[in-house]
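Student: Structure incoming, see below.
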Amino acid sequence: METSKVLGLITARSGSSLKYKNLYPIAGKPLIWYANHTATNAKCFTDVILSTDDEVIAEVSKKQGISVPFMRPKELATSITPHFPVVKHAVEWMCTYTHKEYDYVAIVVPTAPLLQPWHWDEAFEQLQK
């Protein structure tokens with residue numbers, strides 16, 4: 001069986017009702033660090049990247065070792081923007097500029113710091129069944 005290519009897409013926009021909530025420290029690390037740590041330690045993801053419209057979020061994320069290959073356009077970072085156009089933008093960017101294609105994309109939300117890598121792996125295993 002061929003191995004699936006799975007993109008873990010961390011989404012963090014600046015225009016949240018709680019400004020920079022994804023950068024709030026929890027046990028000494030910004031909230032966004034936990035999303036990246038969990039996803040990069042899961043076995044199911046081929047790549048994990050961040051999609052953001054904000055330079056501060058991008059810079060803090062890069063310092064935490066998070067891949068930020070592009071900046072999300074402002075029109076895809078409003079309070080009413082659905083996730084699908086954000087995912088579509090990320091996949092098209094990755095395909096165009098890195099020539100990588102994916103079979104699946106998972107949205108990794110920074111506001112769930114208690115997730116563990118095995119949660120992602122078990123979920124993906126269930127999806128494949």
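In the structure tokens, chains take the letters A, B, ... in the order shown, each chain's residues start at 1, and ligands count up from 1 in the order shown.
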From the DSSP assignment of the backbone, select every residue of chain A that is helix (DSSP H, G or I), and format the answer as number ranges by chain.

Tutor: A: 21-23, 31-41, 55-63, 74-76, 83-98, 117-128

Student: Within chain A, find each residue whose DSSP state, derived from the backbone, is strand (DSSP E or B), and express the selection as a list in words.

Tutor: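 Matching residues for strand (DSSP E or B) in chain A are Val6, Leu7, Gly8, Leu9, Ile10, Thr11, Pro25, Ile26, Lys29, Pro30, Asp47, Val48, Ile49, Leu50, Ser51, Tyr104, Val105, Ala106, Ile107 and Val108 of chain A.
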
Student: Between A:Ile10, A:Ala58, A:Ile49, A:Ala112, which residue has the minimum interatomic distance to Ile26 (chain A), considering only C-alpha atoms?

Tutor: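 Once distances to Ile26 (chain A) are computed over only C-alpha atoms, the minimum belongs to A:Ala112.
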
Student: Which polymer residues have any atom within 8 Å of an atom of region 78-91 of chain A, counting only C-alpha atoms, with same-chain residues fewer than 2 positions away left out, as a PDB file with N, CA, C and O atoms, in the first residue's frame?

Tutor:
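Output below, filename around_21.pdb:
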```pdb
ATOM      1  N   LEU A   9      -1.836  21.557   8.702  1.00  0.00           N
ATOM      2  CA  LEU A   9      -1.923  22.996   8.467  1.00  0.00           C
ATOM      3  C   LEU A   9      -2.351  23.714   9.749  1.00  0.00           C
ATOM      4  O   LEU A   9      -3.513  23.638  10.157  1.00  0.00           O
ATOM      5  N   GLY A  15      -6.555  38.557  13.503  1.00  0.00           N
ATOM      6  CA  GLY A  15      -7.779  39.295  13.785  1.00  0.00           C
ATOM      7  C   GLY A  15      -8.763  38.607  14.700  1.00  0.00           C
ATOM      8  O   GLY A  15      -9.955  38.847  14.634  1.00  0.00           O
ATOM      9  N   SER A  16      -8.301  37.772  15.557  1.00  0.00           N
ATOM     10  CA  SER A  16      -9.166  37.064  16.499  1.00  0.00           C
ATOM     11  C   SER A  16      -9.759  38.039  17.519  1.00  0.00           C
ATOM     12  O   SER A  16      -9.230  39.126  17.734  1.00  0.00           O
ATOM     13  N   SER A  51      -0.124  28.718   8.477  1.00  0.00           N
ATOM     14  CA  SER A  51      -0.734  29.720   7.618  1.00  0.00           C
ATOM     15  C   SER A  51      -1.182  30.874   8.501  1.00  0.00           C
ATOM     16  O   SER A  51      -2.031  30.699   9.384  1.00  0.00           O
ATOM     17  N   ARG A  72      -0.388  34.346   4.545  1.00  0.00           N
ATOM     18  CA  ARG A  72      -1.760  34.227   4.054  1.00  0.00           C
ATOM     19  C   ARG A  72      -2.271  35.601   3.640  1.00  0.00           C
ATOM     20  O   ARG A  72      -2.061  36.584   4.350  1.00  0.00           O
ATOM     21  N   LYS A  74      -4.604  38.774   3.308  1.00  0.00           N
ATOM     22  CA  LYS A  74      -5.522  39.376   4.293  1.00  0.00           C
ATOM     23  C   LYS A  74      -6.981  38.996   4.034  1.00  0.00           C
ATOM     24  O   LYS A  74      -7.750  38.820   4.970  1.00  0.00           O
ATOM     25  N   GLU A  75      -7.360  38.860   2.769  1.00  0.00           N
ATOM     26  CA  GLU A  75      -8.759  38.523   2.459  1.00  0.00           C
ATOM     27  C   GLU A  75      -9.122  37.106   2.904  1.00  0.00           C
ATOM     28  O   GLU A  75     -10.297  36.753   2.965  1.00  0.00           O
ATOM     29  N   LEU A  76      -8.128  36.292   3.227  1.00  0.00           N
ATOM     30  CA  LEU A  76      -8.376  34.940   3.747  1.00  0.00           C
ATOM     31  C   LEU A  76      -8.164  34.880   5.261  1.00  0.00           C
ATOM     32  O   LEU A  76      -7.952  33.810   5.829  1.00  0.00           O
ATOM     33  N   TRP A  93      -0.326  26.777  -2.879  1.00  0.00           N
ATOM     34  CA  TRP A  93       1.000  27.381  -2.705  1.00  0.00           C
ATOM     35  C   TRP A  93       2.057  26.293  -2.619  1.00  0.00           C
ATOM     36  O   TRP A  93       3.096  26.367  -3.293  1.00  0.00           O
ATOM     37  N   MET A  94       1.819  25.294  -1.781  1.00  0.00           N
ATOM     38  CA  MET A  94       2.796  24.208  -1.616  1.00  0.00           C
ATOM     39  C   MET A  94       3.022  23.466  -2.930  1.00  0.00           C
ATOM     40  O   MET A  94       4.155  23.136  -3.283  1.00  0.00           O
ATOM     41  N   CYS A  95       1.960  23.221  -3.665  1.00  0.00           N
ATOM     42  CA  CYS A  95       2.074  22.511  -4.946  1.00  0.00           C
ATOM     43  C   CYS A  95       2.866  23.348  -5.958  1.00  0.00           C
ATOM     44  O   CYS A  95       3.753  22.841  -6.631  1.00  0.00           O
ATOM     45  N   GLU A 101       2.541  17.568  -3.354  1.00  0.00           N
ATOM     46  CA  GLU A 101       1.109  17.339  -3.418  1.00  0.00           C
ATOM     47  C   GLU A 101       0.709  16.472  -2.234  1.00  0.00           C
ATOM     48  O   GLU A 101       1.514  15.689  -1.731  1.00  0.00           O
ATOM     49  N   TYR A 102      -0.530  16.604  -1.801  1.00  0.00           N
ATOM     50  CA  TYR A 102      -1.005  15.906  -0.611  1.00  0.00           C
ATOM     51  C   TYR A 102      -2.291  15.152  -0.905  1.00  0.00           C
ATOM     52  O   TYR A 102      -3.111  15.588  -1.707  1.00  0.00           O
ATOM     53  N   VAL A 105      -5.347  16.812   4.093  1.00  0.00           N
ATOM     54  CA  VAL A 105      -4.924  17.988   4.854  1.00  0.00           C
ATOM     55  C   VAL A 105      -5.689  17.976   6.171  1.00  0.00           C
ATOM     56  O   VAL A 105      -6.898  17.764   6.186  1.00  0.00           O
TER      57      VAL A 105
END
```

Student: Just the residues within 6 Å of Thr46 (chain A), please, counting only C-alpha atoms, with nothing from its chain fewer than 6 positions along; format it as a PyMOL selection string.

Tutor: chain A and resi 5-7

Student: Output C-alpha atoms for every residue in that selection, as a PDB file, in the first residue's frame.

Tutor:
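Heads up, here's the output in out31.pdb:
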```pdb
ATOM      1  CA  LYS A   5       0.972  12.323   1.974  1.00  0.00           C
ATOM      2  CA  VAL A   6      -0.642  14.381   4.721  1.00  0.00           C
ATOM      3  CA  LEU A   7      -0.255  18.117   5.319  1.00  0.00           C
TER       4      LEU A   7
END
```

Student: Quick one: of A:Thr111, A:Tyr104, A:Asp47, A:Ser4, who's nearest to Tyr24 (chain A), counting only C-alpha atoms?

Tutor: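 Checking each of A:Thr111, A:Tyr104, A:Asp47, A:Ser4 against Tyr24 (chain A), counting only C-alpha atoms, the winner is A:Thr111.
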
Student: Of the candidates A:Phe124, A:Phe45, A:Tyr97, A:Tyr20, which one gets nearest to Ser61 (chain A) if we count only C-alpha atoms?

Tutor: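 Looking at the shortest contact to Ser61 (chain A), the residue is A:Tyr20.
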
Student: Skipping near chain neighbours, those fewer than 2 positions away, what residues fall within 12 Å of Ile66 (chain A) using only C-alpha atoms, listed as a PyMOL selection string?

Tutor: chain A and resi 8-11+30+32-40+47-52+57-64+68-70
